[in-house]
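Student: Mind looking over this structure? Questions follow.
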Amino acid sequence: MAVTVLAAALVIAALVLPNTVVGLRPAKFVRIPAEAVIGAAVMLALPRRPRVVLAAVSGAALAAMTVLNLLDMGFNQYLGRSFNVVLDWSLLGDAQSYLEDSLGRTATLAATAGLIVVVLLLFVLLALSMVRLSNLLARHTGTSTRGTLVAGVVWITCSSLGLQIAGVPVASDRTAAALKIQAHRVADTLRDEAEFRKVARVDAFGNTPDAQLLPDLRGKDMIFTFIESYGRSAIEDPIIAPGVDRTLDERTAALAKAGFHARSGWLTSATYGGSSWLGHSTTMSGLWVNNQQRYRTVMASDHLSLTKAFEKTGAFDTVGVMPGVQKAWPEQSFYGLNKVYNAFELGYKGPKFSWSTMPDQYALQQYQERVHSKKPADGKARMSLLILTSSHQPWAPIPKMVGWDQLGDGSVFKGIQAAGNKPADIIADTTRSRQEYGKSVQYSVTALTQWLERYGDKDTVLVFLGDHQPIARVSGNHASRDVPVAIVAKDPKVLDKIDGWGWTDGLRPAHDAPVWKMSAFRDRFLTAFGSTPHPKRG
């Protein structure tokens with residue numbers, strides 16, 4: 001009897017399981033699932049062999065839907081969206097790599113093995129539970145038939161009257177609705193692929209002659225920098241914001257003392273909590289790249305990226321510094337970068353800081369020594385793309401600023417890394433995660449602006465922005481997707497070009513500063529600095 005009760009509880013729980021962590025409330029599990037009523041009626045009508053086969057298959061299918069619900073929970077919690085059954089399987093490998101960097105190989109292998117065992121057990125237990133319950137129905141046909149009819153009448157009554165417990169409808173069709181949503185999601189994904197290919201072939205600046213691209217930035221030392229997970233929550237969340245806002249204000253004053261001035265606003269990112277490359281490609285392509293399929297399409301296209309526009313002029317040497325890249329990076333061609341320095345080409349001999357291969361300060365100093373301090377041999381100006389990583393989750397341990405002349409090969413960070421927080425202590429604690437996230441953003445902003453203060457000159461123009469908000473556990477379940485963006489320069493003519501944007505003076509954008517979609521930035525930037533549109537149509 002106890003085994004039967006557990007089997008029934010497992011099946012009912014799987015049928016009504018929500019797909020978000022915030023939805024895990026007791027009231028969600030005291031509902032009447034329509035699928036159970038219909039399933040019981042079908043089982044009662046079948047002979048033994050097809051009944052057992054259908055029960056086993058239904059149990060396996062219910063296990064698959066349960067896995068998808070759990071994946072939805074994880075993706076909603078970390079990336080602010082549901083799992084896409086067509087596109088997102090590849091991200092599970094990235095998640096495993098992230099855990100390995102954060103928790104170590106042994107713990108990650110153990111967790112992975114445990115997860116596989118749990119999933120297999122889920123399939124086996126639900127299949128066996130369904131078979132057991134179907135056999136029980138067949139042994140007590142009369143009682144089961146009456147019970148199924150009663151349950152059906154109660155479900156219809158509750159549904160018609162809209163009866164609820166703690167705000168949750170008693171009559172549930174959760175699994176059927178979830179299956180319908182998954183089917184629509186697959187169809188929408190396949191349809192989106194064809195539609196986006198057409199969109200990507202249209203480009204307002206696709207046929208612009210080289211001489212008509214970015215004429216107002218010729219001769220400038222142009223730098224685009226993304227700061228990992230630098231989102232609106234860093235500036236406005238009551239726990240995170242005080243330290244970050246203070247840093248932004250202090251660094252604004254320090255830059256002004258050195259002759260630099262800044263304007264800042266907001267961009268709405270195409271991604272949330274992770275998948276930074278979607279934010280990078282959206283900003284640079286001017287297209288809304290919000291999934292892996294769109295990303296692959298853009299990377300394989302000849303759509304003009306903002307960085308490639310500089311390369312196309314013939315007036316700029318183009319360089320990328322990517323401390324987070326640890327393998328071949330074919331995207332270099334799309335971004336129009338003549339040279340890319342990855343994690344293994346920056347001479348770092350210090351420790352990793354969780355996922356981050358090296359502290360931002362070290363990456364910036366290497367950029368200075370290997371790139372920025374050397375003028376291109378052919379007399380060109382330079383455009384650089386830097387992707388900083390120190391503010392990547394789990395925000396433990398966090399580097400600290402050291403003297404710029406003491407950086408050496410990075411060995412100076414060994415003591416700082418050893419004395420820092422352990423990732424496992426931060427990952428499980430939401431409050432500490434928020435606090436440490438704020439500190440990591442302060443570190444990244446300080447490193448970047450100190451570098452500018454120390455090494456920038458009258459021709460340096462820095463554009464820096466976040467790629468996405470931090471994970472929902474830190475930014476909140478209903479946080480926006482906005483990220484700060486700033487343009488910093490000594491030459492007043494540069495900021496004069498964006499007077500019409502309505503951006504805030506300084507590095508900290510006002511709450512009511514303009515908010516644009518991230519995909520709008522490329523065209524606005526190209527237009528502001530003198531580029532002439534010549535559309536390319538697919």
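Simple scheme: letters A, B, ... for chains in structure tokens order, numbers from 1 for residues in each chain, numbers from 1 for ligands in the order shown.
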Can you tell me, as a ChimeraX atom specification, what residues are no more than 7 Å from range 157-162 of chain A when counting only C-alpha atoms, ignoring any on the same chain fewer than 5 positions away?

Tutor: /A:169-171

Student: Would you save the residues of that selection, restricted to C-alpha atoms, as a JSON list (two decimals), in the first residue's frame?

Tutor:
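Contents of again-v9.json, freshly written:
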[["chain", "number", "residue", "atom", "x", "y", "z"],
["A", 169, "PRO", "CA", -6.65, 26.85, -9.51],
["A", 170, "VAL", "CA", -7.70, 23.44, -8.16],
["A", 171, "ALA", "CA", -8.32, 22.09, -11.67]]

Student: I'd like the neighbourhood of Ser519 in chain A as a list of chain:residue names, where a residue qualifies if any of its atoms comes within 12 Å (using only C-alpha atoms), though same-chain residues fewer than 6 positions away should be ignored.

Tutor: A:Leu267, A:Thr268, A:Ser269, A:Ala270, A:Thr271, A:Leu278, A:Gly279, A:His280, A:Ser281, A:Thr282, A:Thr283, A:Met284, A:Ser285, A:Gly286, A:Leu287, A:Trp288, A:Val289, A:Asn290, A:Ser305, A:Leu306, A:Phe525

Student: Hey, can you spit out that residue selection with N, CA, C and O atoms as a compact mmCIF listing (two decimals), in the first residue's frame?

Tutor:
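The result, stored in again-v2.txt:
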# COMPACT_ATOMS: atom_id res chain seq x y z
N LEU A 267 21.11 50.43 -22.34
CA LEU A 267 20.77 49.56 -23.47
C LEU A 267 20.06 48.32 -22.92
O LEU A 267 20.45 47.80 -21.88
N THR A 268 19.05 47.86 -23.61
CA THR A 268 18.35 46.64 -23.22
C THR A 268 19.01 45.45 -23.91
O THR A 268 18.98 45.34 -25.14
N SER A 269 19.62 44.58 -23.11
CA SER A 269 20.39 43.47 -23.66
C SER A 269 19.49 42.40 -24.26
O SER A 269 18.35 42.19 -23.84
N ALA A 270 20.05 41.68 -25.24
CA ALA A 270 19.34 40.56 -25.87
C ALA A 270 19.45 39.29 -25.04
O ALA A 270 18.80 38.29 -25.35
N THR A 271 20.24 39.32 -23.96
CA THR A 271 20.39 38.14 -23.12
C THR A 271 20.36 38.55 -21.66
O THR A 271 20.33 39.74 -21.35
N LEU A 278 25.90 36.68 -26.95
CA LEU A 278 24.69 37.21 -27.58
C LEU A 278 24.62 38.73 -27.42
O LEU A 278 24.21 39.45 -28.33
N GLY A 279 25.04 39.22 -26.24
CA GLY A 279 25.09 40.67 -26.03
C GLY A 279 26.15 41.32 -26.89
O GLY A 279 25.92 42.38 -27.47
N HIS A 280 27.33 40.69 -26.98
CA HIS A 280 28.40 41.25 -27.82
C HIS A 280 27.96 41.36 -29.27
O HIS A 280 28.12 42.41 -29.92
N SER A 281 27.39 40.28 -29.79
CA SER A 281 27.02 40.26 -31.21
C SER A 281 25.84 41.17 -31.50
O SER A 281 25.76 41.77 -32.58
N THR A 282 24.91 41.29 -30.56
CA THR A 282 23.78 42.21 -30.75
C THR A 282 24.26 43.65 -30.84
O THR A 282 23.86 44.41 -31.72
N THR A 283 25.14 44.04 -29.93
CA THR A 283 25.67 45.40 -29.93
C THR A 283 26.40 45.71 -31.22
O THR A 283 26.23 46.78 -31.82
N MET A 284 27.23 44.80 -31.65
CA MET A 284 28.10 45.06 -32.78
C MET A 284 27.43 44.85 -34.14
O MET A 284 27.80 45.48 -35.13
N SER A 285 26.42 44.00 -34.21
CA SER A 285 25.79 43.72 -35.50
C SER A 285 24.60 44.62 -35.79
O SER A 285 24.21 44.80 -36.95
N GLY A 286 23.98 45.16 -34.73
CA GLY A 286 22.75 45.93 -34.94
C GLY A 286 21.55 45.04 -35.18
O GLY A 286 20.49 45.50 -35.59
N LEU A 287 21.69 43.73 -34.90
CA LEU A 287 20.60 42.76 -35.03
C LEU A 287 20.28 42.21 -33.65
O LEU A 287 21.14 42.15 -32.77
N TRP A 288 19.03 41.78 -33.46
CA TRP A 288 18.60 41.25 -32.17
C TRP A 288 18.98 39.77 -32.10
O TRP A 288 18.27 38.89 -32.56
N VAL A 289 20.14 39.49 -31.51
CA VAL A 289 20.69 38.13 -31.48
C VAL A 289 20.42 37.54 -30.09
O VAL A 289 21.25 37.63 -29.20
N ASN A 290 19.25 36.94 -29.93
CA ASN A 290 18.82 36.50 -28.59
C ASN A 290 18.83 34.99 -28.42
O ASN A 290 18.32 34.48 -27.43
N SER A 305 29.58 44.32 -38.92
CA SER A 305 29.67 44.60 -37.49
C SER A 305 30.27 45.99 -37.30
O SER A 305 30.99 46.49 -38.17
N LEU A 306 30.00 46.59 -36.15
CA LEU A 306 30.53 47.92 -35.86
C LEU A 306 32.05 47.91 -35.86
O LEU A 306 32.70 48.83 -36.39
N PHE A 525 25.44 54.82 -33.48
CA PHE A 525 26.85 55.18 -33.36
C PHE A 525 27.43 55.53 -34.74
O PHE A 525 28.11 56.55 -34.90

Student: Using only C-alpha atoms, which residues sit within 10 Å of Asp491 in chain A once same-chain residues fewer than 2 positions away are excluded, as a PyMOL selection string?

Tutor: chain A and resi 220+259-261+457-461+488-489+493-496

Student: Write out, as a short mmCIF file (atom, residue, chain, number, x, y, z; two decimals), in the first residue's frame, the residues just selected, with N, CA and C atoms.

Tutor:
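Result file follows (out-v1.cif):
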data_model
loop_
_atom_site.label_atom_id
_atom_site.label_comp_id
_atom_site.auth_asym_id
_atom_site.auth_seq_id
_atom_site.Cartn_x
_atom_site.Cartn_y
_atom_site.Cartn_z
N LYS A 220 41.44 58.51 -34.35
CA LYS A 220 41.20 58.30 -32.92
C LYS A 220 41.72 56.94 -32.45
N GLY A 259 41.15 65.13 -17.40
CA GLY A 259 40.76 65.74 -18.66
C GLY A 259 39.73 64.96 -19.46
N PHE A 260 39.25 63.84 -18.91
CA PHE A 260 38.26 63.03 -19.62
C PHE A 260 36.85 63.36 -19.13
N HIS A 261 35.91 63.27 -20.05
CA HIS A 261 34.49 63.48 -19.71
C HIS A 261 33.68 62.34 -20.30
N ASP A 457 45.01 59.20 -23.96
CA ASP A 457 45.50 60.51 -24.37
C ASP A 457 44.39 61.29 -25.05
N LYS A 458 44.76 62.40 -25.69
CA LYS A 458 43.75 63.30 -26.26
C LYS A 458 42.92 62.64 -27.36
N ASP A 459 43.45 61.56 -27.96
CA ASP A 459 42.72 60.90 -29.05
C ASP A 459 41.97 59.66 -28.60
N THR A 460 42.11 59.28 -27.34
CA THR A 460 41.47 58.05 -26.88
C THR A 460 39.97 58.24 -26.70
N VAL A 461 39.20 57.31 -27.26
CA VAL A 461 37.74 57.29 -27.10
C VAL A 461 37.38 55.90 -26.59
N VAL A 488 33.51 57.77 -23.19
CA VAL A 488 34.45 58.63 -22.48
C VAL A 488 35.50 59.14 -23.47
N ALA A 489 35.79 60.45 -23.40
CA ALA A 489 36.78 61.02 -24.32
C ALA A 489 37.33 62.32 -23.74
N LYS A 493 34.81 67.37 -28.99
CA LYS A 493 34.06 67.19 -30.24
C LYS A 493 33.42 65.81 -30.31
N VAL A 494 34.05 64.83 -29.66
CA VAL A 494 33.50 63.46 -29.67
C VAL A 494 32.15 63.43 -28.96
N LEU A 495 32.09 63.99 -27.76
CA LEU A 495 30.83 63.98 -27.02
C LEU A 495 29.82 64.94 -27.61
N ASP A 496 30.29 65.98 -28.30
CA ASP A 496 29.36 66.88 -28.98
C ASP A 496 28.53 66.12 -30.02
#

Student: If you count only C-alpha atoms, which residues fall within 10 Å of range 274-276 of chain A, apart from same-chain ones fewer than 4 positions away, as a list in words?

Tutor: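 Skipping anything fewer than 4 positions along the chain leaves Phe75, Tyr78, Leu79, Gly80, Leu91, Asp94, Phe226, Ile227, Glu228, Ser229, Ser269, Ala270, His280, Ser281, Asn290, Asn291, Gln292, Ile387, His392, Gln393, Gly466, Asp467, His468, Gln469, Pro470 and Ile471 of chain A.
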
Student: Name all residues at most 12 Å from Ala315 in chain A (count only C-alpha atoms; drop same-chain ones fewer than 2 positions away) and give them as a PyMOL selection string.

Tutor: chain A and resi 210-222+308-313+317-318+376+378-383

Student: So that I can check the secondary structure, give me every residue of range 245-444 of chain A assigned helix (DSSP H, G or I) by backbone DSSP, as a VMD selection string.

Tutor: chain A and resid 245 to 257 276 to 285 292 to 299 306 to 313 330 to 332 343 to 345 360 to 372 404 to 406 411 to 419 423 to 427 430 to 444

Student: Counting only C-alpha atoms, which of A:Thr112, A:Asn477, A:Thr504, A:Asn76 gets nearest to Asn19 in chain A?

Tutor: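 Selected residue with least distance to Asn19 in chain A: A:Asn76.
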
Student: Please provide the set of residues having any atom within 10 Å of Ala63 in chain A, restricted to only C-alpha atoms, with same-chain residues fewer than 5 positions apart removed, written as a list in words.

Tutor: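 Once the nearby chain positions are removed, what remains is Val11, Ala14, Leu15, Val57, Ser58, Leu68, Asn69, Val119, Leu120, Leu121, Leu122, Phe123, Val124, Leu125, Leu126 and Ala127 of chain A.
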
Student: Excluding same-chain residues fewer than 3 positions from Gln368 in chain A, what lies within 12 Å of it counting only C-alpha atoms, as a ChimeraX atom specification?

Tutor: /A:223,319,321,346,361-365,371-375,384,386,404,448,451-452,454-456

Student: How many Å separate CA of Arg139 in chain A from CA of Ala61 in chain A?

Tutor: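 Separation between CA of Arg139 in chain A and CA of Ala61 in chain A: 24.3 Å.
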
Student: I need the strand (DSSP E or B) residues of range 297-478 of chain A per DSSP on the backbone, written as a list in words.

Tutor: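 Secondary structure check on range 297-478 of chain A, strand (DSSP E or B): Phe316, Asp317, Thr318, Val319, Gly320, Val321, Lys339, Val340, Tyr341, Phe353, Ser356, Ala381, Arg382, Met383, Ser384, Leu385, Leu386, Ile387, Leu388, Thr460, Val461, Leu462, Val463, Phe464, Leu465 and Gly466 of chain A.
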
Student: When you count only C-alpha atoms, which of these residues is closest to Val515 in chain A: A:Ser264, A:Ser301, A:Thr357, A:Ser444?

Tutor: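 Ranking A:Ser264, A:Ser301, A:Thr357, A:Ser444 by distance to Val515 in chain A, first place goes to A:Ser264.
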
Student: Which residue is closest to Thr307 in chain A? Choose from A:Asp192, A:Gly420, A:Val463, A:Met401 and count only C-alpha atoms.

Tutor: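 Ranking A:Asp192, A:Gly420, A:Val463, A:Met401 by distance to Thr307 in chain A, first place goes to A:Val463.
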